[in-house]
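Shown here: final12.csv, CSV, C-alpha atoms and all ligand atoms.
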chain,number,residue,atom,x,y,z
M,4,MET,CA,-127.1,114.2,170.9
M,5,LEU,CA,-125.0,116.0,173.5
M,6,ALA,CA,-126.8,119.2,174.5
M,7,ASP,CA,-123.7,121.4,174.0
M,8,LEU,CA,-123.1,119.8,170.5
M,9,GLU,CA,-126.6,120.7,169.6
M,10,ARG,CA,-126.2,124.3,170.9
M,11,LEU,CA,-122.9,124.6,168.9
M,12,ILE,CA,-124.7,123.6,165.7
M,13,ARG,CA,-127.3,126.2,166.4
M,14,LEU,CA,-124.7,128.8,167.4
M,15,GLN,CA,-122.9,128.2,164.1
M,16,GLN,CA,-126.1,128.5,162.1
M,17,THR,CA,-126.7,131.8,163.9
M,18,ASP,CA,-123.2,133.1,163.3
M,19,LEU,CA,-123.3,132.2,159.6
M,20,ALA,CA,-126.7,133.8,159.2
M,21,ALA,CA,-125.4,137.0,160.9
M,22,GLU,CA,-122.4,137.0,158.7
M,23,ALA,CA,-124.3,136.5,155.5
M,24,ALA,CA,-126.8,139.3,156.5
M,25,ARG,CA,-123.9,141.7,157.4
M,26,ARG,CA,-122.2,140.9,154.1
M,27,ARG,CA,-125.3,141.6,152.2
M,28,ILE,CA,-125.9,144.9,154.1
M,29,ALA,CA,-122.3,145.9,153.3
M,30,ASP,CA,-123.0,145.4,149.6
M,31,HIS,CA,-125.9,147.9,149.7
M,32,PRO,CA,-124.0,151.2,149.4
M,33,THR,CA,-122.3,149.9,146.2
M,34,LEU,CA,-125.7,148.9,144.8
M,35,VAL,CA,-127.1,152.3,145.6
M,36,GLN,CA,-124.1,153.9,144.0
M,37,SER,CA,-124.6,152.0,140.8
M,38,LEU,CA,-128.3,153.2,140.7
M,39,ASP,CA,-127.1,156.8,141.2
M,40,ALA,CA,-124.6,156.3,138.4
M,41,ARG,CA,-127.3,154.9,136.1
M,42,LEU,CA,-129.6,157.9,136.9
M,43,ALA,CA,-126.7,160.3,136.3
M,44,SER,CA,-125.9,158.7,132.9
M,45,ALA,CA,-129.6,158.9,131.7
M,46,THR,CA,-129.8,162.5,132.9
M,47,GLU,CA,-126.5,163.4,131.1
M,48,ALA,CA,-127.8,161.7,127.9
M,49,LEU,CA,-130.9,163.9,128.0
M,50,ASP,CA,-128.8,167.0,128.7
M,51,THR,CA,-126.6,166.2,125.7
M,52,ALA,CA,-129.6,165.6,123.5
M,53,LYS,CA,-131.1,169.0,124.6
M,54,ALA,CA,-127.8,170.8,124.0
M,55,GLY,CA,-127.6,169.3,120.5
M,56,ALA,CA,-131.1,170.5,119.7
M,57,ALA,CA,-130.4,174.0,121.1
M,58,ALA,CA,-127.2,174.2,119.0
M,59,ASN,CA,-129.1,173.2,115.9
M,60,GLN,CA,-131.7,175.9,116.5
M,61,ALA,CA,-129.0,178.5,117.1
M,62,ALA,CA,-127.2,177.5,113.9
M,63,ARG,CA,-130.4,177.7,111.9
M,64,ARG,CA,-131.2,181.2,113.3
M,65,ALA,CA,-127.7,182.4,112.4
M,66,ILE,CA,-128.1,181.1,108.8
M,67,GLU,CA,-131.6,182.7,108.5
M,68,LYS,CA,-130.1,186.0,109.6
M,69,ASP,CA,-127.3,185.7,106.9
M,70,LEU,CA,-130.0,184.8,104.4
M,71,ALA,CA,-132.1,187.9,105.3
M,72,THR,CA,-129.0,190.1,104.8
M,73,VAL,CA,-128.3,188.6,101.3
M,74,GLN,CA,-132.0,188.8,100.4
M,75,GLY,CA,-131.9,192.5,101.4
M,76,ARG,CA,-128.9,193.1,99.2
M,77,LEU,CA,-130.5,191.3,96.3
M,78,THR,CA,-133.6,193.5,96.5
M,79,LYS,CA,-131.4,196.5,96.6
M,80,PHE,CA,-129.5,195.3,93.5
M,81,LYS,CA,-132.7,194.7,91.6
M,82,ASP,CA,-133.9,198.2,92.4
M,83,GLN,CA,-130.6,199.7,91.3
M,84,LEU,CA,-130.7,197.7,88.0
M,85,MET,CA,-133.4,200.1,86.8
M,86,ASP,CA,-131.2,203.1,87.4
M,87,VAL,CA,-128.0,202.0,85.6
M,88,LYS,CA,-126.8,204.1,82.7
M,89,THR,CA,-124.3,202.0,80.8
M,90,ASN,CA,-124.1,198.4,79.6
M,91,LYS,CA,-120.9,198.0,81.6
M,92,GLU,CA,-122.8,199.0,84.8
M,93,TYR,CA,-125.7,196.8,83.8
M,94,THR,CA,-123.4,193.7,83.3
M,95,ALA,CA,-121.7,194.4,86.6
M,96,MET,CA,-125.0,194.6,88.4
M,97,LEU,CA,-126.3,191.4,86.8
M,98,LYS,CA,-123.1,189.7,88.1
M,99,GLU,CA,-123.7,191.0,91.6
M,100,ILE,CA,-127.3,189.7,91.4
M,101,GLY,CA,-126.2,186.3,90.2
M,102,ALA,CA,-123.7,186.1,93.0
M,103,ALA,CA,-126.3,187.1,95.6
M,104,GLN,CA,-128.8,184.5,94.2
M,105,ASN,CA,-126.1,181.8,94.5
M,106,GLU,CA,-125.6,182.8,98.1
M,107,VAL,CA,-129.4,182.7,98.7
M,108,ARG,CA,-129.5,179.2,97.3
M,109,ARG,CA,-126.5,178.1,99.4
M,110,PHE,CA,-128.1,179.5,102.6
M,111,GLU,CA,-131.4,177.8,101.8
M,112,ASP,CA,-129.6,174.5,101.4
M,113,LEU,CA,-127.9,175.0,104.7
M,114,ILE,CA,-131.3,175.7,106.4
M,115,LEU,CA,-132.7,172.6,104.9
M,116,GLU,CA,-129.8,170.5,106.2
M,117,ARG,CA,-130.4,172.0,109.7
M,118,MET,CA,-134.1,171.2,109.4
M,119,LEU,CA,-133.4,167.6,108.6
M,120,GLU,CA,-130.9,167.4,111.4
M,121,HIS,CA,-133.5,169.0,113.7
M,122,ASP,CA,-135.9,166.1,113.1
M,123,GLU,CA,-133.2,163.6,114.1
M,124,LEU,CA,-132.2,165.6,117.2
M,125,ALA,CA,-135.8,166.0,118.3
M,126,ALA,CA,-136.3,162.2,118.0
M,127,ALA,CA,-133.1,161.6,120.0
M,128,GLN,CA,-134.3,164.0,122.7
M,129,LYS,CA,-137.7,162.3,122.9
M,130,ALA,CA,-136.0,158.9,123.2
M,131,ALA,CA,-133.6,160.3,126.0
M,132,GLU,CA,-136.6,161.8,127.8
M,133,ALA,CA,-138.4,158.4,127.7
M,134,ARG,CA,-135.3,156.5,128.8
M,135,LEU,CA,-134.8,158.9,131.8
M,136,ALA,CA,-138.5,158.6,132.8
M,137,SER,CA,-138.4,154.8,132.7
M,138,ASP,CA,-135.0,154.6,134.4
M,139,LYS,CA,-136.3,156.9,137.2
M,140,ALA,CA,-139.2,154.5,137.8
M,141,VAL,CA,-137.0,151.4,137.8
M,142,ILE,CA,-134.3,153.0,140.0
M,143,ALA,CA,-136.9,154.3,142.5
M,144,ALA,CA,-138.4,150.7,142.8
M,145,GLU,CA,-134.9,149.2,143.2
M,146,ARG,CA,-133.9,151.7,145.8
M,147,THR,CA,-137.1,151.0,147.8
M,148,GLN,CA,-136.3,147.3,147.5
M,149,ILE,CA,-132.7,147.8,148.8
M,150,GLU,CA,-134.0,150.0,151.7
M,151,GLU,CA,-136.6,147.3,152.6
M,152,GLU,CA,-134.0,144.6,152.4
M,153,THR,CA,-131.6,146.6,154.6
M,154,ALA,CA,-134.3,147.0,157.2
M,155,ARG,CA,-135.1,143.3,157.1
M,156,LEU,CA,-131.5,142.2,157.3
M,157,GLU,CA,-130.8,144.6,160.2
M,158,ARG,CA,-133.7,143.0,162.1
M,159,GLU,CA,-132.2,139.6,161.2
M,160,VAL,CA,-128.8,140.6,162.6
M,161,GLU,CA,-130.5,141.9,165.8
M,162,GLU,CA,-132.3,138.6,166.1
M,163,THR,CA,-129.0,136.6,165.7
M,164,VAL,CA,-127.4,138.8,168.3
M,165,SER,CA,-130.0,137.9,170.9
M,166,ALA,CA,-130.1,134.2,169.8
M,167,ARG,CA,-126.3,134.1,170.2
M,168,ALA,CA,-126.5,135.6,173.6
M,169,ARG,CA,-129.0,133.0,174.7
M,170,LEU,CA,-126.9,130.1,173.4
M,171,VAL,CA,-123.6,131.4,174.8
M,172,VAL,CA,-125.1,131.5,178.3
M,173,GLU,CA,-126.2,127.9,178.0
M,174,LEU,CA,-122.9,126.6,176.6
M,175,SER,CA,-120.1,125.4,178.8
M,176,ALA,CA,-117.2,127.9,178.8
M,177,ALA,CA,-114.6,125.3,177.7
M,178,VAL,CA,-116.7,124.2,174.7
M,179,LEU,CA,-117.5,127.7,173.7
M,180,ALA,CA,-113.7,128.5,173.9
M,181,ILE,CA,-113.0,125.7,171.4
M,182,TYR,CA,-115.7,126.9,169.1
M,183,GLU,CA,-114.5,130.5,169.1
M,184,THR,CA,-110.9,129.5,168.6
M,185,VAL,CA,-111.6,127.2,165.7
M,186,ARG,CA,-114.2,129.5,164.1
M,187,GLU,CA,-111.8,132.4,164.2
M,188,LYS,CA,-109.1,130.4,162.4
M,189,ARG,CA,-111.3,128.4,160.0
M,190,GLY,CA,-114.5,130.3,159.4
M,191,THR,CA,-116.6,127.3,160.4
M,192,ALA,CA,-116.1,125.3,163.6
M,193,VAL,CA,-118.7,122.6,163.5
M,194,VAL,CA,-119.0,120.3,160.5
M,195,GLU,CA,-120.7,117.0,159.6
M,196,ILE,CA,-118.9,113.7,159.2
M,197,LYS,CA,-119.7,112.3,155.7
M,198,SER,CA,-118.8,108.7,154.9
M,199,GLY,CA,-116.3,108.7,157.7
M,200,TYR,CA,-114.5,111.9,156.5
M,201,CYS,CA,-114.4,115.4,158.0
M,202,SER,CA,-116.6,117.2,155.5
M,203,ALA,CA,-114.5,120.3,155.7
M,204,CYS,CA,-110.9,119.1,155.3
M,205,HIS,CA,-111.7,115.7,153.9
M,206,VAL,CA,-109.4,113.8,156.3
M,207,ARG,CA,-110.6,110.4,157.2
M,208,MET,CA,-111.4,109.7,160.9
M,209,ARG,CA,-109.8,106.8,162.6
M,210,PRO,CA,-112.4,104.0,162.9
M,211,GLN,CA,-112.0,104.0,166.6
M,212,ALA,CA,-112.8,107.7,166.8
M,213,ALA,CA,-115.8,107.3,164.5
M,214,ASN,CA,-117.2,104.7,166.8
M,215,GLU,CA,-116.8,106.8,169.8
M,216,LEU,CA,-118.6,109.7,168.2
M,217,ARG,CA,-121.3,107.6,166.5
M,218,ARG,CA,-123.9,108.8,169.1
M,219,ASN,CA,-122.8,112.4,169.0
M,220,ASP,CA,-122.4,112.4,172.8
M,221,ILE,CA,-118.9,113.9,173.0
M,222,ILE,CA,-117.2,117.0,171.7
M,223,PHE,CA,-114.8,115.6,169.2
M,224,GLN,CA,-112.4,117.7,167.1
M,225,CYS,CA,-111.1,116.6,163.7
M,226,GLU,CA,-107.5,115.5,164.2
M,227,SER,CA,-106.4,117.4,161.1
M,228,CYS,CA,-108.4,120.7,161.0
M,229,ARG,CA,-109.6,120.8,164.7
M,230,ARG,CA,-113.2,121.5,163.7
M,231,ILE,CA,-115.8,119.9,165.9
M,232,LEU,CA,-117.3,116.9,164.2
M,233,TYR,CA,-120.8,115.3,164.4
M,234,PHE,CA,-122.8,112.7,162.5
M,235,PRO,CA,-125.8,114.2,160.7
M,236,PRO,CA,-128.8,113.5,163.0
M,237,GLN,CA,-130.9,112.1,160.1
M,238,ALA,CA,-131.1,108.5,159.0
M,239,PRO,CA,-127.6,107.4,157.9
M,240,THR,CA,-127.0,107.5,154.1
M,241,PRO,CA,-126.1,104.2,152.4
M,242,ALA,CA,-122.5,105.4,152.3
M,243,ASP,CA,-122.6,105.8,156.1
M,244,SER,CA,-124.1,102.4,156.6
M,245,ALA,CA,-121.5,100.8,154.3
M,246,ASP,CA,-118.9,102.7,156.3
M,247,GLY,CA,-120.3,101.5,159.6
M,248,ALA,CA,-120.2,97.9,158.4
M,249,VAL,CA,-116.5,98.2,157.6
M,250,LEU,CA,-115.9,99.7,161.0
R,1,ZN,ZN,-111.2,118.3,159.4
Could you express the structure from this file as structure tokens?
Ligand SMILES: [Zn+2]
Amino acid sequence: MLADLERLIRLQQTDLAAEAARRRIADHPTLVQSLDARLASATEALDTAKAGAAANQAARRAIEKDLATVQGRLTKFKDQLMDVKTNKEYTAMLKEIGAAQNEVRRFEDLILERMLEHDELAAAQKAAEARLASDKAVIAAERTQIEEETARLEREVEETVSARARLVVELSAAVLAIYETVREKRGTAVVEIKSGYCSACHVRMRPQAANELRRNDIIFQCESCRRILYFPPQAPTPADSADGAVL
């Protein structure tokens, strides 16, 4: 194979590897952001659960205070019951006592409701705490992984930069110029011939051209897409052989 053709193949591998590594590095901030968002959401869920439990406690204390007030009133009524002079007063006092007792029952029911609600809220808070703890561990591990990958990819990019520099020095300027022009336009500049076709644009080579290139000893551009073509250096596939027979 022509030395420059071989260098072009390596140059393209280097460029594609650099591009893939850079793309992957560029994705990392988004990945880190999604980890941050996940942590924020777990933290928020715990805050909400804690706020719910606190509100429940506050509500219960307020009801207990109301209950104590009514119970105080009830005790006072019961004491006063001994001192009433008339039936009318007695009946009125009993009515007051009955109303206060109803209120006591109502407050006791409300407290019971709050207690049941408290059990649910406490379970929810515990679940939120567990989720936050496990998310924190997973997120920390993933963050480390991303940091390690970033460092590895940055080393890879550095390596491709020096590999490229070495290849560029060895390549003839005219061949390099073709490569750069086509690569800028097409993304890839060097492609295999498969079964007599350009494997990128799928246009068939003229049999004459295919024959000229068979030994990969010239720089030959696809007549359609202008990419530099070569025959894969491995043993020809049955399709290639059949093709060769036709040519
Ligand atoms: Zn082509």
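Distances to ligand ZN 1 (chain R) were evaluated for M:Glu92, M:Glu47, M:Glu195, M:Asp122 using only C-alpha atoms and all ligand atoms, and the minimum falls at M:Glu195.
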Residues of chain M that approach ligand ZN 1 (chain R) to 10 Å or less, counting all atoms listed in the file: could you list each one with the shortest pair of atoms and its distance in Å to one decimal, rows by chain and increasing residue number, as a tab-separated table?
residue	atom	partner	partner_atom	distance
M:Ala192	CA	R:ZN1	ZN	9.5
M:Val193	CA	R:ZN1	ZN	9.6
M:Val194	CA	R:ZN1	ZN	8.1
M:Glu195	CA	R:ZN1	ZN	9.6
M:Ile196	CA	R:ZN1	ZN	9.0
M:Tyr200	CA	R:ZN1	ZN	7.8
M:Cys201	CA	R:ZN1	ZN	4.5
M:Ser202	CA	R:ZN1	ZN	6.8
M:Ala203	CA	R:ZN1	ZN	5.3
M:Cys204	CA	R:ZN1	ZN	4.2
M:His205	CA	R:ZN1	ZN	6.1
M:Val206	CA	R:ZN1	ZN	5.8
M:Arg207	CA	R:ZN1	ZN	8.2
M:Met208	CA	R:ZN1	ZN	8.7
M:Gln224	CA	R:ZN1	ZN	7.8
M:Cys225	CA	R:ZN1	ZN	4.6
M:Glu226	CA	R:ZN1	ZN	6.7
M:Ser227	CA	R:ZN1	ZN	5.2
M:Cys228	CA	R:ZN1	ZN	4.0
M:Arg229	CA	R:ZN1	ZN	6.1
M:Arg230	CA	R:ZN1	ZN	5.7
M:Ile231	CA	R:ZN1	ZN	8.1
M:Leu232	CA	R:ZN1	ZN	7.9
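With all atoms listed in the file as the atoms that count, the minimum distance from Ala127 in chain M to the choices M:Ala54, M:Leu113, M:Ala103, M:Leu170 is reached by M:Ala54.
Using all atoms listed in the file, the residues found no farther than 8 Å from range 77-87 of chain M, other than those of its own chain fewer than 5 positions away, are Glu92, Tyr93, Met96, Leu97, Glu99, Ile100, Ala103 and Gln104 of chain M.
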Requested in this report: Using only C-alpha atoms, find the one residue out of M:Thr153, M:Gln128, M:Ser165, M:Gln148 that sits nearest to Gly55 in chain M.
Outcome: M:Gln128
**Report entry** Contacts of Ala126 in chain M within 12 Å, only C-alpha atoms, excl. fewer than 5 positions in-chain, as a PyMOL selection string
**Finding:** chain M and resi 49+52-53+55-56+119-121+131-133
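Nearest-residue note for Thr46 in chain M: choosing from M:Ala213, M:Leu34, M:Ile12, M:Leu135, the minimum distance belongs to M:Leu135, counting only C-alpha atoms.
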Query raised in the report: When you draw a straight line from CA of Met4 in chain M to CA of Glu159 in chain M, how long is it in Å?
Result: 27.7 Å
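Nearest residue to Ala40 in chain M, choosing from M:Lys129, M:Arg117, M:Lys98, M:Lys139 and counting only C-alpha atoms: M:Lys139.
Taking CA of Thr94 in chain M as the reference point, CA of Arg108 in chain M is found at 21.1 Å.
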Within 12 Å of Glu116 in chain M using only C-alpha atoms, minus same-chain residues under 5 positions, as an mmCIF file with C-alpha atoms, in the frame of the given file:
data_model
loop_
_atom_site.group_PDB
_atom_site.id
_atom_site.type_symbol
_atom_site.label_atom_id
_atom_site.label_comp_id
_atom_site.auth_asym_id
_atom_site.auth_seq_id
_atom_site.Cartn_x
_atom_site.Cartn_y
_atom_site.Cartn_z
ATOM 1 C CA ASN M 59 -129.100 173.200 115.900
ATOM 2 C CA GLN M 60 -131.700 175.900 116.500
ATOM 3 C CA ALA M 62 -127.200 177.500 113.900
ATOM 4 C CA ARG M 63 -130.400 177.700 111.900
ATOM 5 C CA ILE M 66 -128.100 181.100 108.800
ATOM 6 C CA ARG M 109 -126.500 178.100 99.400
ATOM 7 C CA PHE M 110 -128.100 179.500 102.600
ATOM 8 C CA GLU M 111 -131.400 177.800 101.800
ATOM 9 C CA HIS M 121 -133.500 169.000 113.700
ATOM 10 C CA ASP M 122 -135.900 166.100 113.100
ATOM 11 C CA GLU M 123 -133.200 163.600 114.100
#
Query raised in the report: Pick from M:Ala166, M:Leu70, M:Val35, M:Ile221: nearest to Val107 in chain M, with all atoms listed in the file counted?
Result: M:Leu70
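Between CA of Pro235 in chain M and CA of Ala24 in chain M the separation is 25.5 Å.
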Need a file for range 203-216 of chain M from that block: all heavy atoms, written as a JSON list (two decimals), in the first residue's frame.
[["chain", "number", "residue", "atom", "x", "y", "z"],
["M", 203, "ALA", "N", -19.04, 4.89, 1.00],
["M", 203, "ALA", "CA", -19.70, 6.06, 1.60],
["M", 203, "ALA", "C", -20.88, 6.53, 0.77],
["M", 203, "ALA", "O", -21.99, 6.66, 1.28],
["M", 203, "ALA", "CB", -18.70, 7.19, 1.80],
["M", 204, "CYS", "N", -20.66, 6.77, -0.51],
["M", 204, "CYS", "CA", -21.76, 7.33, -1.32],
["M", 204, "CYS", "C", -22.41, 6.26, -2.20],
["M", 204, "CYS", "O", -23.41, 6.53, -2.84],
["M", 204, "CYS", "CB", -21.26, 8.50, -2.17],
["M", 204, "CYS", "SG", -20.28, 7.99, -3.60],
["M", 205, "HIS", "N", -21.83, 5.05, -2.21],
["M", 205, "HIS", "CA", -22.40, 3.89, -2.91],
["M", 205, "HIS", "C", -22.47, 4.06, -4.43],
["M", 205, "HIS", "O", -23.31, 3.46, -5.08],
["M", 205, "HIS", "CB", -23.79, 3.54, -2.34],
["M", 205, "HIS", "CG", -23.75, 3.37, -0.85],
["M", 205, "HIS", "ND1", -23.10, 2.33, -0.24],
["M", 205, "HIS", "CD2", -24.24, 4.14, 0.14],
["M", 205, "HIS", "CE1", -23.20, 2.47, 1.08],
["M", 205, "HIS", "NE2", -23.89, 3.57, 1.33],
["M", 206, "VAL", "N", -21.59, 4.89, -4.95],
["M", 206, "VAL", "CA", -21.50, 4.99, -6.41],
["M", 206, "VAL", "C", -20.46, 3.96, -6.88],
["M", 206, "VAL", "O", -19.42, 3.77, -6.25],
["M", 206, "VAL", "CB", -21.11, 6.44, -6.83],
["M", 206, "VAL", "CG1", -20.63, 6.46, -8.29],
["M", 206, "VAL", "CG2", -22.31, 7.36, -6.66],
["M", 207, "ARG", "N", -20.78, 3.29, -7.95],
["M", 207, "ARG", "CA", -19.91, 2.23, -8.45],
["M", 207, "ARG", "C", -18.70, 2.83, -9.16],
["M", 207, "ARG", "O", -18.82, 3.83, -9.88],
["M", 207, "ARG", "CB", -20.71, 1.35, -9.42],
["M", 207, "ARG", "CG", -19.99, 0.08, -9.83],
["M", 207, "ARG", "CD", -20.90, -0.79, -10.72],
["M", 207, "ARG", "NE", -20.17, -1.98, -11.11],
["M", 207, "ARG", "CZ", -20.03, -3.06, -10.36],
["M", 207, "ARG", "NH1", -20.60, -3.10, -9.16],
["M", 207, "ARG", "NH2", -19.35, -4.11, -10.79],
["M", 208, "MET", "N", -17.53, 2.21, -8.93],
["M", 208, "MET", "CA", -16.32, 2.67, -9.62],
["M", 208, "MET", "C", -16.32, 2.14, -11.04],
["M", 208, "MET", "O", -16.84, 1.05, -11.31],
["M", 208, "MET", "CB", -15.08, 2.10, -8.93],
["M", 208, "MET", "CG", -14.89, 2.56, -7.53],
["M", 208, "MET", "SD", -13.36, 1.81, -6.92],
["M", 208, "MET", "CE", -12.14, 2.78, -7.82],
["M", 209, "ARG", "N", -15.70, 2.90, -11.91],
["M", 209, "ARG", "CA", -15.51, 2.37, -13.26],
["M", 209, "ARG", "C", -14.54, 1.20, -13.16],
["M", 209, "ARG", "O", -13.57, 1.26, -12.38],
["M", 209, "ARG", "CB", -14.93, 3.46, -14.18],
["M", 209, "ARG", "CG", -15.96, 4.50, -14.61],
["M", 209, "ARG", "CD", -15.34, 5.55, -15.51],
["M", 209, "ARG", "NE", -14.28, 6.31, -14.86],
["M", 209, "ARG", "CZ", -12.99, 6.18, -15.14],
["M", 209, "ARG", "NH1", -12.58, 5.30, -16.06],
["M", 209, "ARG", "NH2", -12.08, 6.91, -14.51],
["M", 210, "PRO", "N", -14.75, 0.12, -13.93],
["M", 210, "PRO", "CA", -13.87, -1.05, -13.84],
["M", 210, "PRO", "C", -12.41, -0.68, -14.07],
["M", 210, "PRO", "O", -11.52, -1.18, -13.37],
["M", 210, "PRO", "CB", -14.38, -1.95, -14.98],
["M", 210, "PRO", "CG", -15.79, -1.54, -15.21],
["M", 210, "PRO", "CD", -15.86, -0.07, -14.87],
["M", 211, "GLN", "N", -12.18, 0.23, -14.96],
["M", 211, "GLN", "CA", -10.81, 0.69, -15.24],
["M", 211, "GLN", "C", -10.17, 1.27, -13.98],
["M", 211, "GLN", "O", -9.05, 0.93, -13.60],
["M", 211, "GLN", "CB", -10.89, 1.77, -16.36],
["M", 211, "GLN", "CG", -9.61, 2.51, -16.63],
["M", 211, "GLN", "CD", -8.72, 1.73, -17.60],
["M", 211, "GLN", "OE1", -9.22, 0.89, -18.36],
["M", 211, "GLN", "NE2", -7.41, 1.98, -17.57],
["M", 212, "ALA", "N", -10.91, 2.14, -13.30],
["M", 212, "ALA", "CA", -10.41, 2.79, -12.09],
["M", 212, "ALA", "C", -10.16, 1.76, -11.01],
["M", 212, "ALA", "O", -9.14, 1.80, -10.31],
["M", 212, "ALA", "CB", -11.41, 3.84, -11.61],
["M", 213, "ALA", "N", -11.07, 0.81, -10.89],
["M", 213, "ALA", "CA", -10.93, -0.22, -9.86],
["M", 213, "ALA", "C", -9.66, -1.02, -10.10],
["M", 213, "ALA", "O", -8.94, -1.36, -9.16],
["M", 213, "ALA", "CB", -12.15, -1.14, -9.87],
["M", 214, "ASN", "N", -9.38, -1.30, -11.33],
["M", 214, "ASN", "CA", -8.16, -2.04, -11.67],
["M", 214, "ASN", "C", -6.91, -1.26, -11.30],
["M", 214, "ASN", "O", -5.97, -1.81, -10.73],
["M", 214, "ASN", "CB", -8.13, -2.34, -13.17],
["M", 214, "ASN", "CG", -8.63, -3.75, -13.45],
["M", 214, "ASN", "OD1", -8.63, -4.59, -12.54],
["M", 214, "ASN", "ND2", -9.05, -4.00, -14.67],
["M", 215, "GLU", "N", -6.95, 0.04, -11.59],
["M", 215, "GLU", "CA", -5.79, 0.89, -11.29],
["M", 215, "GLU", "C", -5.50, 0.94, -9.80],
["M", 215, "GLU", "O", -4.37, 1.01, -9.37],
["M", 215, "GLU", "CB", -6.04, 2.33, -11.78],
["M", 215, "GLU", "CG", -5.85, 2.52, -13.27],
["M", 215, "GLU", "CD", -6.28, 3.93, -13.72],
["M", 215, "GLU", "OE1", -6.24, 4.86, -12.88],
["M", 215, "GLU", "OE2", -6.67, 4.07, -14.89],
["M", 216, "LEU", "N", -6.58, 0.89, -9.03],
["M", 216, "LEU", "CA", -6.45, 1.07, -7.59],
["M", 216, "LEU", "C", -6.25, -0.24, -6.86],
["M", 216, "LEU", "O", -5.92, -0.25, -5.67],
["M", 216, "LEU", "CB", -7.74, 1.77, -7.09],
["M", 216, "LEU", "CG", -7.75, 2.24, -5.65],
["M", 216, "LEU", "CD1", -6.55, 3.13, -5.34],
["M", 216, "LEU", "CD2", -9.04, 2.98, -5.35]]
